[in-house]
Every structure is written in C-alpha cells, then in structure tokens.
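A.B. asks: What follows is the file model-v2.txt, containing compact mmCIF, C-alpha atoms:
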# COMPACT_ATOMS: atom_id res chain seq x y z
CA MET O 2 176.01 78.46 37.66
CA LYS O 3 176.50 81.44 35.35
CA TYR O 4 175.68 85.04 35.93
CA CYS O 5 176.48 88.41 34.38
CA ASP O 6 177.03 91.32 36.75
CA ARG O 7 177.25 94.78 35.21
CA SER O 8 176.62 96.68 38.40
CA ALA O 9 178.97 99.54 39.17
CA PRO O 10 179.57 101.56 42.34
CA ARG O 11 176.72 104.00 42.79
CA ASP O 12 178.59 106.61 44.81
CA TRP O 13 178.83 109.00 41.85
CA VAL O 14 175.18 108.50 40.91
CA ASP O 15 174.00 109.04 44.51
CA ASN O 16 176.04 112.24 44.76
CA ALA O 17 174.88 113.49 41.35
CA VAL O 18 171.21 113.13 42.29
CA ARG O 19 171.96 114.81 45.64
CA LEU O 20 173.63 117.75 43.88
CA ILE O 21 170.67 118.24 41.53
CA ASP O 22 168.17 117.96 44.40
CA ALA O 23 170.23 120.38 46.48
CA ASP O 24 170.21 122.85 43.58
CA ALA O 25 166.42 122.63 43.48
CA GLN O 26 166.19 122.94 47.26
CA ARG O 27 168.13 126.22 47.13
CA SER O 28 165.64 127.61 44.62
CA ALA O 29 162.25 129.07 45.49
CA ASP O 30 159.32 128.30 43.21
CA THR O 31 158.81 130.70 40.32
CA HIS O 32 156.32 133.53 40.78
CA LEU O 33 152.78 133.68 39.44
CA LEU O 34 152.32 137.26 38.28
CA ARG O 35 149.01 139.10 37.78
CA TYR O 36 148.72 140.68 34.35
CA PRO O 37 146.81 144.01 34.32
CA LEU O 38 143.33 143.60 32.82
CA PRO O 39 140.29 145.83 33.43
CA VAL O 40 138.70 144.92 36.79
CA GLU O 41 135.19 145.04 35.34
CA TRP O 42 135.98 142.12 33.03
CA ASN O 43 136.09 139.80 36.07
CA ILE O 44 138.75 137.75 34.28
CA GLN O 45 142.17 137.33 35.82
CA LEU O 46 145.30 136.56 33.80
CA TYR O 47 148.39 135.07 35.44
CA LEU O 48 151.90 134.61 34.08
CA LYS O 49 154.07 131.82 35.50
CA ASP O 50 157.43 133.61 35.54
CA GLU O 51 159.99 131.00 34.48
CA SER O 52 162.64 133.64 33.80
CA THR O 53 163.56 133.62 37.49
CA HIS O 54 165.28 130.22 37.25
CA ILE O 55 169.06 130.48 37.70
CA THR O 56 169.61 129.86 33.97
CA GLY O 57 166.88 132.32 33.05
CA SER O 58 164.17 130.28 31.35
CA LEU O 59 161.53 127.56 31.42
CA LYS O 60 164.15 125.16 30.02
CA HIS O 61 165.81 124.95 33.45
CA ARG O 62 163.01 122.60 34.53
CA LEU O 63 163.49 120.46 31.43
CA ALA O 64 167.26 120.24 31.83
CA ARG O 65 166.94 119.18 35.46
CA SER O 66 164.45 116.45 34.52
CA LEU O 67 166.55 115.25 31.59
CA PHE O 68 169.67 114.91 33.73
CA LEU O 69 167.85 113.04 36.48
CA TYR O 70 166.24 110.77 33.89
CA ALA O 71 169.56 110.02 32.18
CA ILE O 72 171.41 109.44 35.47
CA CYS O 73 168.74 107.18 36.94
CA ASN O 74 168.60 105.18 33.68
CA GLY O 75 172.34 104.61 33.88
CA TRP O 76 173.04 106.57 30.68
CA VAL O 77 175.06 109.32 32.37
CA THR O 78 177.69 108.53 34.96
CA GLU O 79 181.07 109.81 36.08
CA GLY O 80 183.06 111.17 33.14
CA THR O 81 180.22 110.97 30.60
CA THR O 82 180.29 113.65 27.91
CA VAL O 83 176.75 114.99 27.46
CA VAL O 84 175.73 116.10 23.97
CA GLU O 85 172.57 117.96 22.99
CA ALA O 86 171.06 119.32 19.77
CA SER O 87 170.17 122.87 20.81
CA SER O 88 171.20 126.43 20.08
CA GLY O 89 168.99 128.01 22.71
CA SER O 90 167.87 128.01 26.29
CA THR O 91 167.93 124.21 26.68
CA ALA O 92 171.64 124.18 25.90
CA VAL O 93 172.28 126.98 28.42
CA SER O 94 170.44 125.05 31.15
CA GLU O 95 171.99 121.68 30.30
CA ALA O 96 175.45 123.26 30.32
CA TYR O 97 174.70 124.53 33.83
CA PHE O 98 173.79 121.07 35.15
CA ALA O 99 176.74 119.42 33.40
CA LYS O 100 179.08 121.91 35.07
CA LEU O 101 177.38 121.24 38.43
CA LEU O 102 178.19 117.54 38.01
CA GLY O 103 181.70 118.03 36.61
CA LEU O 104 180.78 116.72 33.15
CA GLU O 105 181.76 117.94 29.70
CA PHE O 106 178.86 119.37 27.68
CA VAL O 107 178.66 119.89 23.92
CA ALA O 108 175.82 121.77 22.22
CA VAL O 109 175.31 121.01 18.51
CA MET O 110 173.84 124.00 16.71
CA PRO O 111 173.56 125.75 13.34
CA ALA O 112 176.52 127.86 12.27
CA SER O 113 174.11 130.81 12.03
CA THR O 114 173.48 130.83 15.81
CA SER O 115 173.96 134.32 17.25
CA PRO O 116 177.21 135.07 19.12
CA GLN O 117 175.09 136.09 22.13
CA LYS O 118 173.60 132.57 22.42
CA VAL O 119 177.01 130.96 21.98
CA ALA O 120 178.37 133.20 24.74
CA LEU O 121 175.57 132.19 27.14
CA ILE O 122 176.30 128.49 26.61
CA GLU O 123 180.04 128.97 26.96
CA ALA O 124 179.55 131.05 30.11
CA GLN O 125 177.98 127.95 31.70
CA GLY O 126 180.99 125.85 30.73
CA GLY O 127 179.56 124.33 27.54
CA ARG O 128 181.28 123.85 24.20
CA CYS O 129 179.55 124.64 20.90
CA HIS O 130 179.79 122.44 17.78
CA PHE O 131 178.41 123.86 14.55
CA VAL O 132 176.63 122.37 11.53
CA GLN O 133 175.84 124.14 8.27
CA ARG O 134 172.30 122.76 7.90
CA PRO O 135 169.93 122.99 10.91
CA PRO O 136 168.26 119.60 10.16
CA ASP O 137 171.68 117.95 10.60
CA MET O 138 171.78 118.82 14.30
CA TYR O 139 170.10 115.60 15.39
CA THR O 140 172.31 113.15 13.51
CA GLU O 141 175.47 115.09 14.27
CA ALA O 142 174.68 115.14 18.01
CA ALA O 143 174.12 111.38 17.96
CA ARG O 144 177.33 110.86 15.99
CA LEU O 145 179.42 112.97 18.36
CA ALA O 146 178.05 111.17 21.42
CA ALA O 147 178.80 107.76 19.89
CA GLU O 148 182.26 108.85 18.83
CA CYS O 149 183.32 109.91 22.33
CA GLY O 150 181.37 107.25 24.23
CA GLY O 151 179.11 109.96 25.62
CA HIS O 152 175.34 110.39 25.87
CA TYR O 153 173.07 112.24 23.44
CA MET O 154 170.45 113.77 25.74
CA ASP O 155 167.88 114.14 22.90
CA GLN O 156 165.47 116.59 24.50
CA PHE O 157 162.98 116.23 21.66
CA THR O 158 162.44 112.53 22.34
CA HIS O 159 162.75 112.42 26.12
CA ALA O 160 161.10 115.66 27.26
CA GLU O 161 157.60 114.21 27.73
CA ARG O 162 158.79 111.15 29.67
CA ALA O 163 161.56 112.69 31.79
CA THR O 164 159.16 114.82 33.84
CA ASP O 165 156.90 113.21 36.45
CA TRP O 166 153.57 114.51 35.11
CA ARG O 167 151.60 113.25 38.14
CA GLY O 168 153.25 115.79 40.42
CA ASN O 169 156.62 116.06 42.18
CA ASN O 170 156.50 119.86 41.86
CA ASN O 171 156.22 119.88 38.09
CA ILE O 172 155.07 123.13 36.49
CA ALA O 173 151.40 122.07 36.35
CA GLU O 174 151.24 121.10 40.03
CA SER O 175 152.97 124.36 40.92
CA ILE O 176 150.43 126.42 38.95
CA PHE O 177 147.40 124.82 40.58
CA GLU O 178 148.89 125.08 44.09
CA GLN O 179 149.68 128.78 43.57
CA MET O 180 146.15 129.41 42.29
CA THR O 181 144.44 127.95 45.38
CA LEU O 182 143.54 131.27 47.05
CA GLU O 183 142.67 133.20 43.89
CA THR O 184 139.15 134.32 42.96
CA HIS O 185 138.93 131.64 40.28
CA PRO O 186 141.37 128.97 41.49
CA VAL O 187 140.80 126.52 38.63
CA PRO O 188 141.79 128.23 35.36
CA GLU O 189 139.45 128.05 32.41
CA TRP O 190 142.51 127.86 30.14
CA ILE O 191 146.22 127.24 30.44
CA VAL O 192 148.14 128.42 27.38
CA ALA O 193 151.62 127.22 26.40
CA GLY O 194 153.85 126.97 23.36
CA ALA O 195 155.60 123.84 22.13
CA GLY O 196 159.32 123.44 21.53
CA THR O 197 159.91 119.84 22.51
CA GLY O 198 156.25 119.38 23.49
CA GLY O 199 157.23 118.27 26.97
CA THR O 200 155.64 121.18 28.87
CA SER O 201 152.28 120.90 27.12
CA ALA O 202 152.31 117.11 27.63
CA THR O 203 152.98 117.54 31.35
CA ILE O 204 150.24 120.16 31.78
CA GLY O 205 147.66 118.27 29.70
CA ARG O 206 148.26 114.99 31.51
CA TYR O 207 148.19 116.62 34.94
CA ILE O 208 144.87 118.35 34.18
CA ARG O 209 143.31 115.00 33.34
CA TYR O 210 144.96 113.18 36.24
CA ARG O 211 143.60 115.71 38.76
CA ARG O 212 140.22 115.87 36.97
CA HIS O 213 140.31 119.64 36.53
CA ALA O 214 137.89 121.31 34.13
CA THR O 215 140.75 123.41 32.75
CA LYS O 216 141.41 123.28 29.02
CA LEU O 217 144.85 123.40 27.42
CA ALA O 218 145.61 125.59 24.41
CA VAL O 219 148.92 125.37 22.56
CA VAL O 220 150.09 128.31 20.47
CA ASP O 221 152.39 127.77 17.49
CA PRO O 222 154.48 130.32 15.54
CA GLU O 223 155.01 130.58 11.79
CA ASN O 224 156.85 127.78 10.00
CA SER O 225 156.30 125.35 12.88
CA ALA O 226 154.94 121.86 12.22
CA PHE O 227 152.96 121.35 15.43
CA TYR O 228 149.79 123.10 14.24
CA GLY O 229 149.75 121.28 10.90
CA GLY O 230 150.40 117.96 12.62
CA TYR O 231 147.57 118.62 15.09
CA GLU O 232 145.14 119.73 12.37
CA THR O 233 145.84 116.75 10.10
CA GLY O 234 146.55 114.16 12.78
CA ASP O 235 149.87 113.42 11.06
CA ALA O 236 152.64 112.80 13.59
CA GLY O 237 155.15 112.87 10.75
CA TYR O 238 154.13 116.35 9.56
CA ARG O 239 157.05 118.60 8.59
CA THR O 240 157.57 122.13 7.33
CA GLY O 241 161.35 121.84 7.07
CA MET O 242 161.63 125.48 8.16
CA PRO O 243 162.96 126.93 11.42
CA SER O 244 160.90 129.18 13.68
CA ARG O 245 161.87 132.82 14.18
CA ILE O 246 160.41 132.73 17.69
CA GLU O 247 163.14 131.16 19.78
CA GLY O 248 162.26 128.40 22.22
CA ILE O 249 159.08 127.28 20.47
CA GLY O 250 158.15 125.94 17.06
CA ARG O 251 159.90 123.11 15.22
CA PRO O 252 160.31 122.09 11.55
CA ARG O 253 158.88 118.66 12.41
CA VAL O 254 156.41 117.30 14.96
CA GLU O 255 158.72 116.18 17.75
CA PRO O 256 158.27 112.79 19.46
CA SER O 257 157.51 114.46 22.81
CA PHE O 258 154.48 116.35 21.48
CA VAL O 259 151.28 114.66 22.71
CA GLY O 260 148.47 116.23 20.70
CA GLN O 261 145.83 114.05 22.36
CA VAL O 262 146.01 116.11 25.58
CA VAL O 263 145.67 119.46 23.76
CA ASP O 264 142.17 120.97 23.55
CA ARG O 265 142.93 123.69 21.03
CA MET O 266 145.82 124.94 18.92
CA ILE O 267 146.24 128.52 17.73
CA GLU O 268 148.59 129.66 14.95
CA VAL O 269 150.28 132.97 15.70
CA PRO O 270 152.07 135.12 13.09
CA ASP O 271 155.60 136.11 14.08
CA VAL O 272 154.79 139.78 13.78
CA ALA O 273 151.96 139.28 16.29
CA SER O 274 154.29 137.50 18.72
CA ILE O 275 156.75 140.38 18.61
CA ALA O 276 154.05 143.04 18.94
CA ALA O 277 152.50 141.23 21.92
CA MET O 278 155.91 140.76 23.53
CA ARG O 279 156.62 144.50 23.28
CA HIS O 280 153.12 145.41 24.44
CA ALA O 281 153.41 143.20 27.52
CA SER O 282 156.89 144.51 28.27
CA ARG O 283 155.51 148.05 28.47
CA LEU O 284 152.61 147.04 30.72
CA LEU O 285 154.72 144.88 33.02
CA GLY O 286 157.62 147.33 33.20
CA ARG O 287 160.13 144.61 32.24
CA ARG O 288 161.19 142.91 29.04
CA VAL O 289 159.78 139.49 28.17
CA GLY O 290 160.83 137.16 25.37
CA GLY O 291 159.21 136.37 22.04
CA SER O 292 157.59 133.08 23.08
CA THR O 293 155.80 134.95 25.87
CA GLY O 294 154.38 137.22 23.18
CA THR O 295 153.16 134.17 21.26
CA ASN O 296 151.48 132.88 24.43
CA LEU O 297 149.78 136.20 25.10
CA TRP O 298 148.45 136.59 21.56
CA GLY O 299 146.63 133.28 22.02
CA VAL O 300 145.54 134.22 25.55
CA PHE O 301 143.93 137.47 24.45
CA HIS O 302 141.96 135.64 21.76
CA LEU O 303 140.60 133.20 24.38
CA ILE O 304 139.78 135.97 26.87
CA SER O 305 137.82 137.83 24.19
CA GLU O 306 135.75 134.67 23.70
CA MET O 307 135.08 134.50 27.43
CA LEU O 308 133.99 138.15 27.47
CA ALA O 309 131.73 137.70 24.45
CA ALA O 310 130.08 134.72 26.18
CA GLY O 311 129.68 136.64 29.46
CA ARG O 312 131.96 134.23 31.37
CA SER O 313 134.25 135.14 34.23
CA GLY O 314 137.26 133.07 35.27
CA SER O 315 141.02 132.88 35.13
CA VAL O 316 143.64 132.11 32.49
CA VAL O 317 147.27 131.11 33.08
CA THR O 318 150.17 131.25 30.67
CA LEU O 319 153.96 131.15 30.86
CA LEU O 320 156.51 133.94 30.93
CA CYS O 321 159.14 131.70 29.35
CA ASP O 322 162.23 133.90 29.54
CA GLY O 323 163.33 137.50 29.87
CA GLY O 324 163.61 139.87 26.93
CA ASP O 325 167.18 141.04 27.47
CA ARG O 326 168.40 138.08 25.39
CA TYR O 327 166.58 139.59 22.40
CA ALA O 328 167.79 143.19 22.53
CA GLY O 329 169.46 142.75 19.16
CA THR O 330 166.49 141.04 17.49
CA TYR O 331 162.86 141.33 18.63
CA PHE O 332 163.42 144.65 20.42
CA ASP O 333 165.52 146.09 17.58
CA ASP O 334 163.42 148.09 15.10
CA GLU O 335 166.05 147.70 12.37
CA TRP O 336 166.07 143.91 12.78
CA VAL O 337 162.26 143.80 12.63
CA ALA O 338 162.22 145.92 9.48
CA ALA O 339 164.92 143.74 7.91
CA GLN O 340 162.61 140.75 8.41
CA GLY O 341 159.98 142.52 6.32
CA MET O 342 157.64 143.00 9.27
CA SER O 343 155.56 145.96 10.39
CA LEU O 344 154.18 145.97 13.94
CA ALA O 345 151.49 148.60 13.24
CA GLU O 346 148.56 146.27 12.55
CA PRO O 347 149.03 143.77 15.44
CA THR O 348 149.75 146.66 17.82
CA ALA O 349 146.41 148.22 16.86
CA VAL O 350 144.69 144.87 17.55
CA LEU O 351 146.30 144.75 21.00
CA ASP O 352 145.35 148.34 21.81
CA GLU O 353 141.73 147.72 20.83
CA PHE O 354 141.57 144.54 22.88
CA HIS O 355 142.91 146.16 26.04
CA ALA O 356 140.51 149.08 25.62
CA THR O 357 137.35 147.16 24.70
CA GLY O 358 137.86 143.41 25.12
CA ILE O 359 137.12 142.95 21.41
CA TRP O 360 139.54 140.80 19.43
CA ASN O 361 140.13 141.42 15.75
CA GLY O 362 143.35 139.44 15.43
As structure tokens, how would this structure be written, given the file I've shared?
C.D. replies:
Amino acid sequence: MKYCDRSAPRDWVDNAVRLIDADAQRSADTHLLRYPLPVEWNIQLYLKDESTHITGSLKHRLARSLFLYAICNGWVTEGTTVVEASSGSTAVSEAYFAKLLGLEFVAVMPASTSPQKVALIEAQGGRCHFVQRPPDMYTEAARLAAECGGHYMDQFTHAERATDWRGNNNIAESIFEQMTLETHPVPEWIVAGAGTGGTSATIGRYIRYRRHATKLAVVDPENSAFYGGYETGDAGYRTGMPSRIEGIGRPRVEPSFVGQVVDRMIEVPDVASIAAMRHASRLLGRRVGGSTGTNLWGVFHLISEMLAAGRSGSVVTLLCDGGDRYAGTYFDDEWVAAQGMSLAEPTAVLDEFHATGIWNG
C-alpha cells in the first residue's frame, strides 16, 4: 500500500482564523448615513461609511476575506511572507492583518507612490518594494513571493471569490439589513466603484440571490478600463493608464470584475469626482475621499432620472474612505490647478442639482 500524506499540524491555522474572527467580533458594523436631500423629493440617499474600519477604508473587508481565503486554502501558514501589488488602502489593510498574525508583509508599488501612503503601510508593519513602471507591479509581486517561498495575495484575481457573496455579513447583506426599517427599504439603486471589481461582484450577486429589484450601477473614473470593457464586452480591454482617483479605476479589466451583474456603468471625469467629494464634505461636515466623490456624481445623475420620472425611493452608495488622506492632493487647490483642472463647472452642476433636482452633468 502506498500513500502520500502532506497534512501538517493545524494549530497555527486554527489560531489564525480565530484571531481574524476575534478582530471582526470586536468591530461594530459600519454606519449607514443619511445624506441631506430636499424632503419634498421623497428620495432618500444613504452612504455606507466604510471609513470607520480600523484601517480606515472599504479595503479592510477585502483584506480580511483575502487572508481567510488564503489561510483556508493552505496558501498562507506560519512564517509565510505575504506579498501584494498595491500602493493604496488594500496594502494598508493587508499589512494590518499580517501584523495581527505575526507575518511579514511586502507591498509592491510604483516608485512615484506618495510618502504619506508609504508611511501608512509602514505604520501597520508592512515593507514597501518599489518598481519604476506601474504595470510591472504584478509580475514583480509574483517574483518576490516565489523568491522567498511566500504567497502573492493577488487581490485583483481573488477579490470576487474570496468573499462569501451569499451572506456571512458581507457588505451587501449588511446594507439590506440596515435598510429594513427605512421608508424605502429596498433601494432602487446601489452605486459602487470598481478597483478589483470584488465589491461590485458581491453586491450584484447578492441582489440576484435574494431576488431584490435593486439595480447596480458602477461608476468609473478617467483612464480606467472597466467602462470600455463593459461597453465593448472585451474582458481584455486596456487603457494602460493609471487612475487619478485612488482606490478605483484600473489600466486593465481585472479578473475579479464581473460585468454580467452590473446593470449600468457611468464614466465620471476626475474633475467631477473631486468637485463632488468637496461638495459632500461641506454638506456632511467631514472630509470624504475621491472615490466617494465619484460614487456621488453617478448617484446624483440617477436621482435626477428618478425625479424626472416622478419616482420615489432610496439609493445607497459607499463612503469608501476619509478625506484626510488626500489633504495634499484632492483638497489642495494648488495640486488641482497643477493637474490642469478647474472645479468651477462641475461645482455649478452640483449646486444646480441640489437646488432644483435637475442634472446637467
């Protein structure tokens, strides 16, 4: 008789899952905020405030799911070095979970990444590895992981499959549970951006699984490939250009983007994202990030359609992260001017919409 036994003691794995579950247990669910719209519109707008996660963004959910997925697949175990291609919030959140588990974490990122982002990753115990060309991040992350016998987390491939889209307190289930007692408990629209595509895939699948009438809209910033890929049906669509709106937009259609569960896509100019972000920050009395501005620009367009059609209802979108991370960019007038942008026109569109419900964006 012959057999091959590759089993290993599961004590570390059991404890790692316990630590991640305990971290979630210590955390309350994120808030669903009401956004101020005129009462007479009879349309309610809600923002799912993901900035309240301990690492400050929506990516905390993704990082938790990716670690659980990798651990339960046997890819990450005691002493594994975790490598990721990310210069943003995903790297911050993954560094947090790696530190929680006593693992080394390396974030592969462009050399042009801001010192502020590098500092956030390093504050969570991560190490940053730089490449000169942004497209090289993927191959360099895979090379580093292979070189040290570690694991390349690869958020862009695994995001849509790491999260249990049927429930288990994913973001979609949380939204619908929190909406239960509202005037219009089933939203007409949920609006999200796409970075990996994992969040929109989870929401779109959950809507269908629970047979809700809600429609999903995905907003996409300048230079991103998701809109072009959706419009043409080409999963290999590329722009080869990075997005200026951090956290969303990609130069290629990522493997985790599932366009079949998206009902509509809306392209949003960067200047509109920044104007909407600043506008919302004034109304809410707190700073929100650029991707939240992208979401809201799309939301206001959809609400204007509802008003024009005489429909009441609710709309939900995501407050992806706080705006303090962008004090030196999106909230800096000199930075905006250096990008060749003027906020005057989109700000006028926003002012008119909030005053009249008419959308000329």
A.B. asks: Out of O:Gly314, O:Gly230, O:Pro270, O:Gly286, which residue has the shortest atom-to-atom distance to Asn43 (chain O) when counting all atoms listed in the file?
C.D. replies: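 So, comparing all the options, the nearest one is O:Gly314.
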A.B. asks: I'd like the neighbourhood of Val317 (chain O) as a ChimeraX atom specification, where a residue qualifies if any of its atoms comes within 12 Å (using only C-alpha atoms), though same-chain residues fewer than 3 positions away should be ignored.
C.D. replies: /O:33-36,44-50,172-173,175-177,179-180,183,185-193,204,215-218,293,296-297,299-301,303-304,314,320
A.B. asks: How many Å separate CA of Asp235 (chain O) from CA of Glu223 (chain O)?
C.D. replies: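 Computing it gives 17.9 Å between the two atoms.
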A.B. asks: Can you measure CA of Ala214 (chain O) to CA of Asp264 (chain O) for me? One decimal in Å is fine.
C.D. replies: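 Those two atoms sit 11.4 Å apart.
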A.B. asks: Which residue gives the smallest distance to Ile267 (chain O) among O:Glu232, O:Glu41, O:Asp22, O:Asp12, with all atoms listed in the file counted?
C.D. replies: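 Smallest distance to Ile267 (chain O) is found for O:Glu232.
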A.B. asks: Quick one: distance from CA of Thr240 (chain O) to CA of Ala226 (chain O) in Å, one decimal?
C.D. replies: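 A separation of 5.6 Å between them.
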A.B. asks: Residues near Gly341 (chain O), anyone? I mean within 12 Å using all atoms listed in the file, not counting same-chain ones fewer than 5 positions away, as a list of chain:residue names.
C.D. replies: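 These residues fall inside the cut-off: O:Asp271, O:Val272, O:Asp334, O:Glu335, O:Trp336.
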A.B. asks: Residues of the last selection are to be written out with C-alpha atoms, as a PDB file, keeping the file's coordinate frame.
C.D. replies:
ATOM      1  CA  ASP O 271     155.600 136.110  14.080  1.00  0.00           C
ATOM      2  CA  VAL O 272     154.790 139.780  13.780  1.00  0.00           C
ATOM      3  CA  ASP O 334     163.420 148.090  15.100  1.00  0.00           C
ATOM      4  CA  GLU O 335     166.050 147.700  12.370  1.00  0.00           C
ATOM      5  CA  TRP O 336     166.070 143.910  12.780  1.00  0.00           C
TER       6      TRP O 336
END
A.B. asks: Which is closest to Tyr228 (chain O) among O:Ala112, O:Val316, O:Ala195, O:Leu102, if we use only C-alpha atoms?
C.D. replies: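 Of the candidates, the smallest distance to Tyr228 (chain O) is held by O:Ala195.
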